[in-house]
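Participant: Submitted below is the structure of interest, expressed as structure tokens.
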Amino acid sequence: MVEFQGVSLEYPCNVVALHEINLTIRQGEFVFLLGATGSGKSTLLKLLLRELKATSGRVMIQGRDLSMVSEKSVPLLRRQIGFVPQDIGLLPNKKVWENLAYAMRAAGHTKYEVRRRVPEFLERLNLLHRAGAFPRALSGGEQQRVAIARALVNNPTLLLADEPTGHLDPETSREILHILDDINTRGTTVVMATHDMPVVRLLPRRVIRLEGGKVFSDSIGLSEDADA
Amino acid sequence: MLDRLEFVLGEAIEAIRRNGLMALAAVNTTAIALLVFGGLAYAYFGIQNRLADLGTQFTLIVSIRDGTDRKGIHEMAQRARSLPGVKRVVHLPKEEHWKKVLAKYPDIGRGAKNPFPEQLLLEITSADMVDAVRAEMEKDPLYWPEKGIQDANRERFLLRRLTSFVQYAGTLLVLVTFLTAGTLIYNTVHLAVMSRRQEIHTMRLVGASHGTIRWPFLLEGGIEGFLGGMIAGFALWGLTTWLSRLVAAYSLLQVGGGTPGLTGVVLLAALGAALGMLCAGLSVRKYLGAIQ
């Protein structure tokens, strides 16, 4: 599904964000990218979204080298990927259902599809009762659920979540994690970047630990090194 | 297709609504720029029409005092024919002159009184005889000094100078006003891009095509330009209708160029839309690129 082959990324002024990353993520996997701020987690996700291009090495999604994807085809690539950004990024002047409808319309779905599918997404994320609320009236967990629903509008095969529990309490974090796990069990590959070890402990899944732009460990559940 | 158009158009209207005052300023400035442009184009074509009417002959049109009977007119024509340098003399009855004007510009004469005097058209053999004949005719007892003598040669000369003025000063004026209008549209679209950063971010996240992201801004510029053009077109239509009536009523000039009508409105609206989209395109290219 996803492959990083010797990927390095260097920002201008010689800041190395990633160094010789080699990774394979299979279809249907749930992967935590664990690491402190600046370890390269978000950069890795940006490479998958083609917001950034690797300085060297190859990033592949379903056998397709992303460096070969033209600027014009980037939107088509992004329609296969759902992304939950760190800042959530809901439109404050639109209600919950309008946020989803807007995302669907922007992605090219018809009004008919919007009318049919928005209630489905709201129900799936347990947001139907909050459909008419503005984002400012929602709790942190609810906002995050809307962001996840928005990431699902294109039925993506790959879901990327950047610190989706970063600003949530443990109880809400658990709830978000279960939602992501549920999405994963329905067949979507999930890659979740987090710095939050207690969250990672809640779900025994593959954990790729990054430090200083390098893969430090790759294990099922937290390795003993991490616990230490 | 229609579904997509509806979304893109809705986004454009939302952008205009959000920057209402700035959009209003852009529409008004575009209207002024296009009114100046339309006015100058109208003046230019009016002058060219008049030049074509004047032809290339050396002629004088002498006004005959009001109330002169047919016998007096005949005698005056005979006196004119006897002058050296006069090739031909033709009586121009004022009713026929007025009928021709009404046939050519029906809008102008509606409700107005015939402003023309009885006239004699004198064809002169050469340019150097024109002044001498003119001086003799001014001495004629039936000559009407208030209505004067139309000297086609002099009028041609003045109209050509006016054409040059319209061409050079007009071009400069049009450039300045277009630049101002273009800058306002450019800035309005810049503000729209900035105020819609979050929407653009969302669009990019969900894989909206470049066209879906860009077209609303291009349409915003196009709509502003189109509205400006429509206002300018209708203003020019009204202004030229009023001006033409005024000219006909007081006979300040021979009739100029009618009114631009609905065609003028459509042309100015199309030009406005094109200007708007061009400026919006430049703005989007710079600022959308920067935030993407």
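Quick note on naming: the chains in the structure tokens go A, B, ... in the order shown, residues restart at 1 in each chain, and ligands are numbered from 1 in order of appearance.
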Please list as a count of residues only every residue within 9 Å of B:Leu218, counting only C-alpha atoms and excluding residues in the same chain fewer than 4 positions away.
Facilitator: 12
Participant: With 6 Å as the limit and counting only C-alpha atoms, what residues in chain B lie close to chain A? Please list them as a PyMOL selection string.
Facilitator: chain B and resi 203+206-209
Participant: Would you compute the distance between atom CA of B:Arg81 and atom CA of B:Arg65? Give it in Å to one decimal.
Facilitator: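 Computing the Euclidean distance for atom CA of B:Arg81 and atom CA of B:Arg65 yields 18.3 Å.
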Participant: Among stretch 3-224 of chain A, which ones does DSSP place in helix (DSSP H, G or I), written as a ChimeraX atom specification?
Facilitator: /A:41-48,66-68,71-78,96-106,111-124,128-130,135-137,140-151,170-185,197-202,224
Participant: Quick one: write out the picked residues with C-alpha atoms as a PDB file, in the first residue's frame?
Facilitator:
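New file again14.pdb:
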```pdb
ATOM      1  CA  LYS A  41       5.984  12.480  11.738  1.00  0.00           C
ATOM      2  CA  SER A  42       4.122  15.349  10.060  1.00  0.00           C
ATOM      3  CA  THR A  43       6.742  15.524   7.306  1.00  0.00           C
ATOM      4  CA  LEU A  44       6.137  11.851   6.567  1.00  0.00           C
ATOM      5  CA  LEU A  45       2.398  12.505   6.256  1.00  0.00           C
ATOM      6  CA  LYS A  46       3.019  15.551   4.038  1.00  0.00           C
ATOM      7  CA  LEU A  47       5.104  13.384   1.734  1.00  0.00           C
ATOM      8  CA  LEU A  48       2.162  10.993   1.381  1.00  0.00           C
ATOM      9  CA  LEU A  66       4.595  10.078  -5.980  1.00  0.00           C
ATOM     10  CA  SER A  67       7.513  11.994  -7.465  1.00  0.00           C
ATOM     11  CA  MET A  68       6.103  11.074 -10.880  1.00  0.00           C
ATOM     12  CA  GLU A  71       0.794  18.827 -10.213  1.00  0.00           C
ATOM     13  CA  LYS A  72      -2.452  18.433 -12.145  1.00  0.00           C
ATOM     14  CA  SER A  73      -2.911  14.883 -10.840  1.00  0.00           C
ATOM     15  CA  VAL A  74      -2.244  15.716  -7.173  1.00  0.00           C
ATOM     16  CA  PRO A  75      -5.969  16.365  -6.476  1.00  0.00           C
ATOM     17  CA  LEU A  76      -6.799  12.896  -7.853  1.00  0.00           C
ATOM     18  CA  LEU A  77      -4.180  11.379  -5.539  1.00  0.00           C
ATOM     19  CA  ARG A  78      -5.635  13.253  -2.559  1.00  0.00           C
ATOM     20  CA  VAL A  96     -21.450  20.660  10.951  1.00  0.00           C
ATOM     21  CA  TRP A  97     -23.466  19.243   8.046  1.00  0.00           C
ATOM     22  CA  GLU A  98     -22.400  22.179   5.860  1.00  0.00           C
ATOM     23  CA  ASN A  99     -18.738  21.461   6.609  1.00  0.00           C
ATOM     24  CA  LEU A 100     -19.212  17.934   5.279  1.00  0.00           C
ATOM     25  CA  ALA A 101     -21.389  19.045   2.372  1.00  0.00           C
ATOM     26  CA  TYR A 102     -18.834  21.675   1.402  1.00  0.00           C
ATOM     27  CA  ALA A 103     -15.994  19.160   1.420  1.00  0.00           C
ATOM     28  CA  MET A 104     -18.041  16.760  -0.710  1.00  0.00           C
ATOM     29  CA  ARG A 105     -19.063  19.455  -3.188  1.00  0.00           C
ATOM     30  CA  ALA A 106     -15.464  20.682  -3.448  1.00  0.00           C
ATOM     31  CA  LYS A 111     -25.846  17.687  -4.644  1.00  0.00           C
ATOM     32  CA  TYR A 112     -27.765  14.415  -4.793  1.00  0.00           C
ATOM     33  CA  GLU A 113     -24.792  12.492  -3.357  1.00  0.00           C
ATOM     34  CA  VAL A 114     -24.356  15.128  -0.666  1.00  0.00           C
ATOM     35  CA  ARG A 115     -27.996  14.832   0.408  1.00  0.00           C
ATOM     36  CA  ARG A 116     -27.726  11.045   0.493  1.00  0.00           C
ATOM     37  CA  ARG A 117     -24.356  10.611   2.166  1.00  0.00           C
ATOM     38  CA  VAL A 118     -23.920  13.448   4.658  1.00  0.00           C
ATOM     39  CA  PRO A 119     -26.514  11.962   7.049  1.00  0.00           C
ATOM     40  CA  GLU A 120     -24.732   8.593   6.721  1.00  0.00           C
ATOM     41  CA  PHE A 121     -21.405  10.112   7.769  1.00  0.00           C
ATOM     42  CA  LEU A 122     -23.023  12.024  10.615  1.00  0.00           C
ATOM     43  CA  GLU A 123     -24.714   8.895  11.887  1.00  0.00           C
ATOM     44  CA  ARG A 124     -21.553   6.809  11.577  1.00  0.00           C
ATOM     45  CA  LEU A 128     -26.479  13.449  13.712  1.00  0.00           C
ATOM     46  CA  HIS A 129     -27.799  15.314  16.745  1.00  0.00           C
ATOM     47  CA  ARG A 130     -25.128  18.011  16.249  1.00  0.00           C
ATOM     48  CA  PRO A 135     -17.975  24.269  15.171  1.00  0.00           C
ATOM     49  CA  ARG A 136     -17.514  26.757  18.029  1.00  0.00           C
ATOM     50  CA  ALA A 137     -20.442  25.113  19.818  1.00  0.00           C
ATOM     51  CA  GLY A 140     -12.980  19.111  21.154  1.00  0.00           C
ATOM     52  CA  GLY A 141     -13.947  15.478  20.613  1.00  0.00           C
ATOM     53  CA  GLU A 142     -16.951  16.419  18.496  1.00  0.00           C
ATOM     54  CA  GLN A 143     -14.841  18.741  16.370  1.00  0.00           C
ATOM     55  CA  GLN A 144     -12.344  15.945  15.844  1.00  0.00           C
ATOM     56  CA  ARG A 145     -15.161  13.580  14.832  1.00  0.00           C
ATOM     57  CA  VAL A 146     -16.369  16.113  12.234  1.00  0.00           C
ATOM     58  CA  ALA A 147     -12.799  16.360  10.914  1.00  0.00           C
ATOM     59  CA  ILE A 148     -12.671  12.555  10.651  1.00  0.00           C
ATOM     60  CA  ALA A 149     -16.053  12.488   8.897  1.00  0.00           C
ATOM     61  CA  ARG A 150     -14.763  15.089   6.460  1.00  0.00           C
ATOM     62  CA  ALA A 151     -11.684  12.960   5.777  1.00  0.00           C
ATOM     63  CA  PRO A 170      -7.876  10.727  27.880  1.00  0.00           C
ATOM     64  CA  GLU A 171     -11.530   9.713  27.703  1.00  0.00           C
ATOM     65  CA  THR A 172     -12.159  11.599  24.442  1.00  0.00           C
ATOM     66  CA  SER A 173      -8.828  10.387  23.074  1.00  0.00           C
ATOM     67  CA  ARG A 174      -9.968   6.810  23.665  1.00  0.00           C
ATOM     68  CA  GLU A 175     -13.221   7.541  21.854  1.00  0.00           C
ATOM     69  CA  ILE A 176     -11.376   8.999  18.821  1.00  0.00           C
ATOM     70  CA  LEU A 177      -9.016   6.057  18.795  1.00  0.00           C
ATOM     71  CA  HIS A 178     -11.935   3.627  18.724  1.00  0.00           C
ATOM     72  CA  ILE A 179     -13.465   5.519  15.812  1.00  0.00           C
ATOM     73  CA  LEU A 180     -10.198   5.262  13.871  1.00  0.00           C
ATOM     74  CA  ASP A 181      -9.958   1.583  14.791  1.00  0.00           C
ATOM     75  CA  ASP A 182     -13.504   1.053  13.531  1.00  0.00           C
ATOM     76  CA  ILE A 183     -12.625   2.743  10.235  1.00  0.00           C
ATOM     77  CA  ASN A 184      -9.586   0.465  10.010  1.00  0.00           C
ATOM     78  CA  THR A 185     -11.620  -2.684  10.595  1.00  0.00           C
ATOM     79  CA  MET A 197       2.391   7.261  24.471  1.00  0.00           C
ATOM     80  CA  PRO A 198      -0.652   6.565  26.684  1.00  0.00           C
ATOM     81  CA  VAL A 199      -2.838   6.747  23.578  1.00  0.00           C
ATOM     82  CA  VAL A 200      -0.591   4.296  21.750  1.00  0.00           C
ATOM     83  CA  ARG A 201      -0.820   1.916  24.709  1.00  0.00           C
ATOM     84  CA  LEU A 202      -4.620   1.839  24.359  1.00  0.00           C
ATOM     85  CA  GLU A 224      10.501  -1.985  25.744  1.00  0.00           C
TER      86      GLU A 224
END
```
Participant: How many Å lie between atom CA of B:Ala43 and atom CA of B:Lys113, rounded to one decimal?
Facilitator: 24.6 Å
Participant: Please provide the set of residues having any atom within 6 Å of A:Lys95, restricted to only C-alpha atoms, with same-chain residues fewer than 3 positions apart removed, written as a list in words.
Facilitator: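 So, after excluding close chain neighbours, the residues are Glu98, Gly132, Ala133 and Phe134 of chain A.
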Participant: Measuring between only C-alpha atoms, which one of B:Thr163, B:Thr241, B:Thr263, B:Thr183 shows the shortest distance to B:Leu40?
Facilitator: B:Thr163
Participant: Set the distance at 10 Å and use only C-alpha atoms: which residues neighbour B:Tyr143 once local chain neighbours fewer than 3 positions away are removed? I'd like the list as a JSON list (two decimals) with N, CA and C atoms, in the first residue's frame.
Facilitator:
```json
[["chain", "number", "residue", "atom", "x", "y", "z"],
["B", 62, "VAL", "N", -24.24, 77.96, -46.55],
["B", 62, "VAL", "CA", -24.56, 79.32, -46.08],
["B", 62, "VAL", "C", -26.00, 79.35, -45.56],
["B", 63, "SER", "N", -26.17, 79.87, -44.36],
["B", 63, "SER", "CA", -27.51, 79.95, -43.75],
["B", 63, "SER", "C", -28.24, 81.18, -44.30],
["B", 64, "ILE", "N", -29.54, 80.98, -44.55],
["B", 64, "ILE", "CA", -30.37, 82.08, -45.09],
["B", 64, "ILE", "C", -31.26, 82.60, -43.96],
["B", 65, "ARG", "N", -31.33, 83.90, -43.90],
["B", 65, "ARG", "CA", -32.10, 84.55, -42.83],
["B", 65, "ARG", "C", -33.51, 83.95, -42.73],
["B", 66, "ASP", "N", -33.97, 83.77, -41.48],
["B", 66, "ASP", "CA", -35.29, 83.17, -41.22],
["B", 66, "ASP", "C", -36.39, 84.06, -41.82],
["B", 68, "THR", "N", -37.17, 84.30, -45.03],
["B", 68, "THR", "CA", -36.93, 84.66, -46.45],
["B", 68, "THR", "C", -37.83, 83.81, -47.34],
["B", 76, "MET", "N", -30.76, 85.10, -53.97],
["B", 76, "MET", "CA", -29.49, 84.91, -53.23],
["B", 76, "MET", "C", -28.64, 83.84, -53.93],
["B", 119, "GLN", "N", -30.81, 76.75, -46.31],
["B", 119, "GLN", "CA", -29.37, 76.87, -46.58],
["B", 119, "GLN", "C", -29.08, 76.78, -48.07],
["B", 120, "LEU", "N", -27.95, 77.36, -48.45],
["B", 120, "LEU", "CA", -27.44, 77.17, -49.82],
["B", 120, "LEU", "C", -26.12, 76.42, -49.73],
["B", 137, "MET", "N", -20.14, 86.05, -49.37],
["B", 137, "MET", "CA", -21.45, 85.57, -48.89],
["B", 137, "MET", "C", -21.82, 86.19, -47.55],
["B", 138, "GLU", "N", -20.82, 86.48, -46.75],
["B", 138, "GLU", "CA", -21.10, 87.12, -45.45],
["B", 138, "GLU", "C", -21.65, 88.54, -45.63],
["B", 139, "LYS", "N", -21.39, 89.11, -46.81],
["B", 139, "LYS", "CA", -21.90, 90.48, -47.09],
["B", 139, "LYS", "C", -23.32, 90.45, -47.65],
["B", 140, "ASP", "N", -23.80, 89.28, -48.05],
["B", 140, "ASP", "CA", -25.12, 89.17, -48.68],
["B", 140, "ASP", "C", -26.21, 89.61, -47.70],
["B", 146, "GLU", "N", -26.23, 84.60, -37.39],
["B", 146, "GLU", "CA", -26.38, 83.80, -36.16],
["B", 146, "GLU", "C", -26.20, 82.29, -36.45],
["B", 147, "LYS", "N", -26.66, 81.87, -37.61],
["B", 147, "LYS", "CA", -26.53, 80.45, -37.97],
["B", 147, "LYS", "C", -25.23, 80.18, -38.73],
["B", 148, "GLY", "N", -24.66, 81.21, -39.30],
["B", 148, "GLY", "CA", -23.31, 81.14, -39.85],
["B", 148, "GLY", "C", -23.14, 80.36, -41.14],
["B", 149, "ILE", "N", -21.87, 80.16, -41.46],
["B", 149, "ILE", "CA", -21.50, 79.41, -42.67],
["B", 149, "ILE", "C", -20.71, 78.17, -42.24]]
```
Participant: What is the atom CA of A:Glu211-atom CA of A:Ile25 distance in Å, reported with one decimal?
Facilitator: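 It comes out at 18.7 Å.
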Participant: Skipping near chain neighbours, those fewer than 5 positions away, what residues fall within 8 Å of B:Val133 using only C-alpha atoms, listed as a VMD selection string?
Facilitator: chain B and resid 83 to 86
Participant: Keeping only C-alpha atoms, write the selected residues to a file as a PDB file, in the first residue's frame.
Facilitator:
```pdb
ATOM      1  CA  LEU B  83     -19.197  84.865 -57.723  1.00  0.00           C
ATOM      2  CA  PRO B  84     -15.803  83.782 -59.125  1.00  0.00           C
ATOM      3  CA  GLY B  85     -14.778  80.280 -57.923  1.00  0.00           C
ATOM      4  CA  VAL B  86     -18.344  79.018 -57.394  1.00  0.00           C
TER       5      VAL B  86
END
```
Participant: Could you please write out, as a ChimeraX atom specification, every residue of stretch 9-208 of chain A that DSSP assigns to strand (DSSP E)?
Facilitator: /A:9-11,15-25,30-34,56-61,64-65,81-84,158-162,189-194,206-208
Participant: Do a neighbour search on stretch 122-125 of chain B at 12 Å with only C-alpha atoms, toss out local chain neighbours closer than 4 positions, and write the hits as an mmCIF file with C-alpha atoms, in the first residue's frame.
Facilitator:
```
data_model
loop_
_atom_site.group_PDB
_atom_site.id
_atom_site.type_symbol
_atom_site.label_atom_id
_atom_site.label_comp_id
_atom_site.auth_asym_id
_atom_site.auth_seq_id
_atom_site.Cartn_x
_atom_site.Cartn_y
_atom_site.Cartn_z
ATOM 1 C CA THR B 56 -13.577 65.490 -49.926
ATOM 2 C CA GLN B 57 -15.201 68.399 -51.806
ATOM 3 C CA PHE B 58 -14.628 72.079 -51.048
ATOM 4 C CA THR B 59 -18.046 73.285 -49.990
ATOM 5 C CA LEU B 60 -19.655 76.068 -48.003
ATOM 6 C CA ILE B 61 -23.130 75.819 -46.498
ATOM 7 C CA VAL B 62 -24.558 79.318 -46.082
ATOM 8 C CA SER B 63 -27.507 79.953 -43.754
ATOM 9 C CA MET B 76 -29.490 84.911 -53.231
ATOM 10 C CA ALA B 77 -28.580 81.710 -55.131
ATOM 11 C CA GLN B 78 -28.176 83.722 -58.329
ATOM 12 C CA ARG B 79 -25.847 86.158 -56.548
ATOM 13 C CA ALA B 80 -23.798 83.236 -55.263
ATOM 14 C CA ARG B 81 -23.561 81.671 -58.732
ATOM 15 C CA SER B 82 -22.135 84.908 -60.131
ATOM 16 C CA LEU B 83 -19.197 84.865 -57.723
ATOM 17 C CA PRO B 84 -15.803 83.782 -59.125
ATOM 18 C CA GLY B 85 -14.778 80.280 -57.923
ATOM 19 C CA VAL B 86 -18.344 79.018 -57.394
ATOM 20 C CA LYS B 87 -18.967 75.858 -59.419
ATOM 21 C CA ARG B 88 -22.518 74.979 -58.320
ATOM 22 C CA VAL B 89 -25.205 76.242 -55.931
ATOM 23 C CA VAL B 90 -27.910 74.023 -54.464
ATOM 24 C CA HIS B 91 -30.780 75.057 -52.204
ATOM 25 C CA LEU B 92 -31.063 72.891 -49.057
ATOM 26 C CA MET B 129 -11.097 80.333 -53.447
ATOM 27 C CA VAL B 130 -12.988 79.230 -50.317
ATOM 28 C CA ASP B 131 -12.119 82.248 -48.130
ATOM 29 C CA ALA B 132 -12.941 84.802 -50.843
ATOM 30 C CA VAL B 133 -16.356 83.240 -51.541
ATOM 31 C CA ARG B 134 -17.036 83.028 -47.823
ATOM 32 C CA MET B 137 -21.449 85.567 -48.889
ATOM 33 C CA ILE B 149 -21.497 79.410 -42.673
ATOM 34 C CA GLN B 150 -20.390 75.814 -42.441
ATOM 35 C CA ASP B 151 -17.017 75.426 -44.001
ATOM 36 C CA ALA B 152 -16.493 71.729 -44.706
ATOM 37 C CA ASN B 153 -12.788 72.274 -45.172
#
```
